[in-house]
Amino acid sequence: MARFSVTLLMACLMVMSSLAGCIFEDDGGSDAEDVLAVFKFSPSKNIKSGTTVTFDASDSTPGDGSLTYRWNFDAEGSIDIDATGRTASWSFDEAKTYQVKLEVSDGTTTAEQTRDVVVYAESAEPPKAEITQYTDNEDCEDETINEDRYILVWICARDKSMTDRSVTETITIELDASASTAGAASSQYIPTDGYHWDLNLNDDKDNDGDSENDDDLVGETVQWSNVEPGEYEIGLTVTNNVEMTDSATIKVIVNYAGYWNDFEIGGNTSGNPATLEFDTMIHYDKTTGNTIVKAQMELEYPKEDEDCTSLPGANNCRSEIDIFAYNEEDEEADNTTKVDRDARDDGACDSDQDCVHLRLSSYLFSDTDSTYGDGEWTMTIQNDRVNDFVIDQFVIRLYYK
């Protein structure tokens, strides 16, 4: 009897163990997509009564053909189904705001989205948004600027103090929409608050699904202040008195030149070269379109100082001063030491001067493993000689176009 009980107990334990394995087995989860209703329509604005509008639910998920689609083109207080299928077309006969609802189902789960569609009277006309293009007449070196597509300006920071060795200057940009028109109908006009300026086309500040219609500034002519050197794309949305709209965009380019004149750099002491550091922010962002074209540093100094005294047996009065460029992580990107001392005659250089330029192409600032990235860069003047020297001029130029 005891032997039978033990045998029966062992059998039961084996069965339970097998069942336990079935109960706790992990099936790895499910890859099924959530059921989401998403639709777009075209035209998406300035829809007049009688216009046929096409609706498209292709962005709904899952997109594996398992969904059914039901459309209601006047969902306010109505449960009617006006159309089925992934795409549908509808013509709105009355000028008003319609609530259009899409319902999708995979047979188990149902989801819906409702969006407003504004329909205007057939006689209404859309406005025309126009941003006035302009440029500075000349750059910081008095060279004529030829540009007819963008707003292009220069910040010319002349006679900067050696106590301010950073690129911190900004500029105020005037934005003018006075060339915009209200539409063909004589009764139409653009109200004073009908001009909305969006200063960042990648940011949807009002969360309406359109990143290019925010109202960072409002008015026909506005002042955009504290604009740093860089490349920007901004937008204008104009709304007339019958609530029809139009939009336009333009690029704004702000280049920079900073000048430090008539200062001294110390000498190399105890084997440590003398340095002066100059800081500048550099932008290279393909997503926002804020991408530098070139950074250029220019250094001019006398070949020999008038008050310099050479040590016996050495020509310590012959200057040789270099520019070094370091990125935000303090990695050295380039320098001018490769330029032979007798070949330092870049630009309009006098016979008793050395003039050396360090040009950094946009590639150096791109975000790849082989380059140095953007951000806060440091441009350093370095003197390895024992004597201190006078610097005639040091210039930092930032070209965003």
# chains A, B, ... in the order shown; residues from 1 in each chain; ligands from 1
$ residues_around --residues "Asp106 in chain A" --least-positions-apart "5" --cutoff "8 Å" --atoms "only C-alpha atoms" --output "count of residues only"
4
$ residues_around --residues "Leu102 in chain A" --least-positions-apart "2" --cutoff "8 Å" --atoms "only C-alpha atoms" --output "number ranges by chain"
A: 37-39, 69-72, 100, 104, 112-114
$ atom_distance --atom1 "CA of Tyr120 in chain A" --atom2 "CA of Thr54 in chain A"
16.6 Å
$ closest_atom_pairs --of "range 90-207 of chain A" --to "range 266-283 of chain A" --cutoff "9 Å" --atoms "only C-alpha atoms" --output "tab-separated table"
residue	atom	partner	partner_atom	distance
A:Asp164	CA	A:Phe278	CA	8.5
A:Arg165	CA	A:Phe278	CA	4.8
A:Ser166	CA	A:Asp279	CA	4.6
A:Val167	CA	A:Thr280	CA	4.9
A:Thr168	CA	A:Thr280	CA	7.7
$ residues_around --residues "Tyr98 in chain A" --least-positions-apart "5" --cutoff "9 Å" --atoms "only C-alpha atoms" --output "VMD selection string"
chain A and resid 73 to 76 92 115 to 119
$ write_last_selection --atoms "N, CA and C atoms" --output "short mmCIF file (atom, residue, chain, number, x, y, z; two decimals), in the first residue's frame"
data_model
loop_
_atom_site.label_atom_id
_atom_site.label_comp_id
_atom_site.auth_asym_id
_atom_site.auth_seq_id
_atom_site.Cartn_x
_atom_site.Cartn_y
_atom_site.Cartn_z
N PHE A 73 -19.38 63.00 -42.49
CA PHE A 73 -18.88 64.30 -42.90
C PHE A 73 -19.61 65.48 -42.27
N ASP A 74 -20.57 65.21 -41.40
CA ASP A 74 -21.19 66.26 -40.58
C ASP A 74 -21.57 65.62 -39.25
N ALA A 75 -20.55 65.32 -38.44
CA ALA A 75 -20.72 64.46 -37.29
C ALA A 75 -21.48 65.12 -36.14
N GLU A 76 -21.65 66.43 -36.17
CA GLU A 76 -22.31 67.13 -35.06
C GLU A 76 -23.79 66.72 -35.00
N PHE A 92 -19.01 69.90 -49.76
CA PHE A 92 -19.77 70.60 -48.72
C PHE A 92 -20.52 71.77 -49.36
N ARG A 115 -12.12 65.86 -36.84
CA ARG A 115 -11.40 67.10 -37.17
C ARG A 115 -12.39 68.10 -37.75
N ASP A 116 -12.10 69.38 -37.51
CA ASP A 116 -12.92 70.45 -38.07
C ASP A 116 -12.49 70.75 -39.50
N VAL A 117 -13.46 70.92 -40.37
CA VAL A 117 -13.22 71.35 -41.75
C VAL A 117 -14.01 72.64 -41.95
N VAL A 118 -13.29 73.73 -42.20
CA VAL A 118 -13.92 75.03 -42.36
C VAL A 118 -14.22 75.26 -43.85
N VAL A 119 -15.48 75.56 -44.16
CA VAL A 119 -15.92 75.79 -45.54
C VAL A 119 -16.41 77.23 -45.64
#
$ atom_distance --atom1 "CA of Val222 in chain A" --atom2 "CA of Glu130 in chain A"
13.9 Å
$ residues_around --residues "range 183-198 of chain A" --least-positions-apart "6" --cutoff "12 Å" --atoms "only C-alpha atoms" --output "number ranges by chain"
A: 46, 122-131, 174-177, 204-206, 210-224, 232-250
$ closest_residue --among "A:Thr87, A:Thr378, A:Ser366, A:Thr97" --to "Asp59 in chain A" --atoms "only C-alpha atoms"
A:Thr87
$ atom_distance --atom1 "CA of Ala121 in chain A" --atom2 "CA of Ser91 in chain A"
13.1 Å
$ closest_residue --among "A:Ile391, A:Ser225, A:Glu328, A:Thr291" --to "Asp305 in chain A" --atoms "only C-alpha atoms"
A:Ile391
$ closest_residue --among "A:Asn255, A:Ser105, A:Gln393, A:Asn261" --to "Cys156 in chain A" --atoms "only C-alpha atoms"
A:Asn255
$ select_by_dssp --residues "range 216-329 of chain A" --states "strand (DSSP E)" --output "VMD selection string"
chain A and resid 217 to 218 221 to 227 230 to 239 245 to 265 274 to 282 284 to 285 290 to 291 294 to 302 321 to 326
$ closest_residue --among "A:Ile79, A:Ile396, A:Ile381, A:Leu364" --to "Glu264 in chain A" --atoms "only C-alpha atoms"
A:Ile381
$ decode --residues "range 43-88 of chain A" --atoms "N, CA and C atoms" --output "CSV table (one decimal), in the first residue's frame"
chain,number,residue,atom,x,y,z
A,43,PRO,N,-8.2,69.8,-50.6
A,43,PRO,CA,-7.3,70.8,-50.0
A,43,PRO,C,-7.6,70.9,-48.5
A,44,SER,N,-6.6,71.4,-47.8
A,44,SER,CA,-6.7,71.5,-46.3
A,44,SER,C,-7.0,72.8,-45.8
A,45,LYS,N,-7.1,73.8,-46.6
A,45,LYS,CA,-7.5,75.2,-46.2
A,45,LYS,C,-8.2,75.9,-47.4
A,46,ASN,N,-8.8,77.0,-47.0
A,46,ASN,CA,-9.5,77.9,-48.0
A,46,ASN,C,-10.5,77.0,-48.9
A,47,ILE,N,-11.2,76.2,-48.2
A,47,ILE,CA,-12.2,75.3,-48.9
A,47,ILE,C,-13.5,76.1,-49.1
A,48,LYS,N,-13.9,76.2,-50.4
A,48,LYS,CA,-15.2,76.9,-50.7
A,48,LYS,C,-16.3,75.9,-50.8
A,49,SER,N,-17.5,76.4,-50.6
A,49,SER,CA,-18.7,75.6,-50.7
A,49,SER,C,-18.8,75.1,-52.2
A,50,GLY,N,-19.1,73.8,-52.3
A,50,GLY,CA,-19.2,73.2,-53.6
A,50,GLY,C,-17.9,72.5,-54.0
A,51,THR,N,-16.8,72.8,-53.3
A,51,THR,CA,-15.5,72.2,-53.6
A,51,THR,C,-15.4,70.7,-53.2
A,52,THR,N,-14.9,69.8,-54.0
A,52,THR,CA,-14.8,68.4,-53.6
A,52,THR,C,-13.5,68.3,-52.8
A,53,VAL,N,-13.6,67.7,-51.6
A,53,VAL,CA,-12.5,67.5,-50.7
A,53,VAL,C,-12.2,66.0,-50.7
A,54,THR,N,-11.0,65.6,-50.8
A,54,THR,CA,-10.6,64.2,-50.7
A,54,THR,C,-10.0,63.9,-49.3
A,55,PHE,N,-10.5,62.8,-48.7
A,55,PHE,CA,-10.1,62.4,-47.4
A,55,PHE,C,-9.3,61.1,-47.5
A,56,ASP,N,-8.2,61.0,-46.7
A,56,ASP,CA,-7.3,59.8,-46.8
A,56,ASP,C,-7.0,59.3,-45.4
A,57,ALA,N,-7.3,58.1,-45.1
A,57,ALA,CA,-7.0,57.5,-43.8
A,57,ALA,C,-5.9,56.5,-43.9
A,58,SER,N,-5.0,56.6,-44.9
A,58,SER,CA,-3.9,55.7,-45.0
A,58,SER,C,-2.9,55.6,-43.9
A,59,ASP,N,-2.9,56.7,-43.1
A,59,ASP,CA,-2.0,56.7,-41.9
A,59,ASP,C,-2.5,56.0,-40.7
A,60,SER,N,-3.8,55.5,-40.8
A,60,SER,CA,-4.4,54.8,-39.7
A,60,SER,C,-3.6,53.4,-39.5
A,61,THR,N,-3.6,52.9,-38.3
A,61,THR,CA,-3.0,51.7,-38.0
A,61,THR,C,-3.9,50.7,-37.4
A,62,PRO,N,-3.6,49.3,-37.6
A,62,PRO,CA,-2.6,48.8,-38.4
A,62,PRO,C,-2.8,49.0,-39.9
A,63,GLY,N,-1.8,49.0,-40.7
A,63,GLY,CA,-2.0,49.2,-42.1
A,63,GLY,C,-1.9,47.9,-42.9
A,64,ASP,N,-2.3,46.8,-42.3
A,64,ASP,CA,-2.2,45.5,-42.9
A,64,ASP,C,-3.4,45.0,-43.6
A,65,GLY,N,-4.4,45.9,-43.9
A,65,GLY,CA,-5.6,45.5,-44.6
A,65,GLY,C,-6.7,45.0,-43.7
A,66,SER,N,-6.5,45.0,-42.4
A,66,SER,CA,-7.5,44.4,-41.5
A,66,SER,C,-8.6,45.4,-41.1
A,67,LEU,N,-8.4,46.7,-41.4
A,67,LEU,CA,-9.3,47.7,-40.9
A,67,LEU,C,-10.5,48.0,-41.8
A,68,THR,N,-11.6,48.3,-41.2
A,68,THR,CA,-12.7,48.9,-42.0
A,68,THR,C,-12.8,50.4,-41.6
A,69,TYR,N,-13.4,51.2,-42.6
A,69,TYR,CA,-13.4,52.6,-42.4
A,69,TYR,C,-14.8,53.1,-42.6
A,70,ARG,N,-15.2,54.0,-41.7
A,70,ARG,CA,-16.5,54.6,-41.8
A,70,ARG,C,-16.4,56.1,-41.6
A,71,TRP,N,-17.0,56.9,-42.5
A,71,TRP,CA,-16.8,58.3,-42.5
A,71,TRP,C,-18.2,59.0,-42.3
A,72,ASN,N,-18.1,60.1,-41.4
A,72,ASN,CA,-19.3,60.9,-41.2
A,72,ASN,C,-18.8,62.4,-41.5
A,73,PHE,N,-19.4,63.0,-42.5
A,73,PHE,CA,-18.9,64.3,-42.9
A,73,PHE,C,-19.6,65.5,-42.3
A,74,ASP,N,-20.6,65.2,-41.4
A,74,ASP,CA,-21.2,66.3,-40.6
A,74,ASP,C,-21.6,65.6,-39.3
A,75,ALA,N,-20.5,65.3,-38.4
A,75,ALA,CA,-20.7,64.5,-37.3
A,75,ALA,C,-21.5,65.1,-36.1
A,76,GLU,N,-21.7,66.4,-36.2
A,76,GLU,CA,-22.3,67.1,-35.1
A,76,GLU,C,-23.8,66.7,-35.0
A,77,GLY,N,-24.1,66.0,-34.0
A,77,GLY,CA,-25.5,65.6,-33.8
A,77,GLY,C,-26.0,64.5,-34.8
A,78,SER,N,-25.1,63.9,-35.5
A,78,SER,CA,-25.5,62.9,-36.5
A,78,SER,C,-24.8,61.6,-36.3
A,79,ILE,N,-25.4,60.5,-36.6
A,79,ILE,CA,-24.8,59.2,-36.5
A,79,ILE,C,-24.8,58.5,-37.9
A,80,ASP,N,-25.1,59.3,-38.9
A,80,ASP,CA,-25.1,58.7,-40.3
A,80,ASP,C,-23.7,58.3,-40.7
A,81,ILE,N,-23.6,57.3,-41.6
A,81,ILE,CA,-22.4,56.9,-42.2
A,81,ILE,C,-22.5,57.4,-43.7
A,82,ASP,N,-21.6,58.4,-44.0
A,82,ASP,CA,-21.7,59.0,-45.4
A,82,ASP,C,-20.8,58.2,-46.4
A,83,ALA,N,-19.8,57.5,-45.9
A,83,ALA,CA,-18.9,56.8,-46.9
A,83,ALA,C,-18.1,55.8,-46.1
A,84,THR,N,-17.6,54.8,-46.9
A,84,THR,CA,-16.7,53.8,-46.3
A,84,THR,C,-15.5,53.7,-47.2
A,85,GLY,N,-14.5,53.0,-46.7
A,85,GLY,CA,-13.2,52.8,-47.5
A,85,GLY,C,-12.1,53.7,-47.0
A,86,ARG,N,-10.9,53.3,-47.3
A,86,ARG,CA,-9.7,54.0,-46.8
A,86,ARG,C,-9.7,55.5,-47.3
A,87,THR,N,-10.1,55.8,-48.5
A,87,THR,CA,-10.2,57.1,-49.0
A,87,THR,C,-11.7,57.4,-49.4
A,88,ALA,N,-12.0,58.7,-49.4
A,88,ALA,CA,-13.4,59.1,-49.7
A,88,ALA,C,-13.4,60.5,-50.2
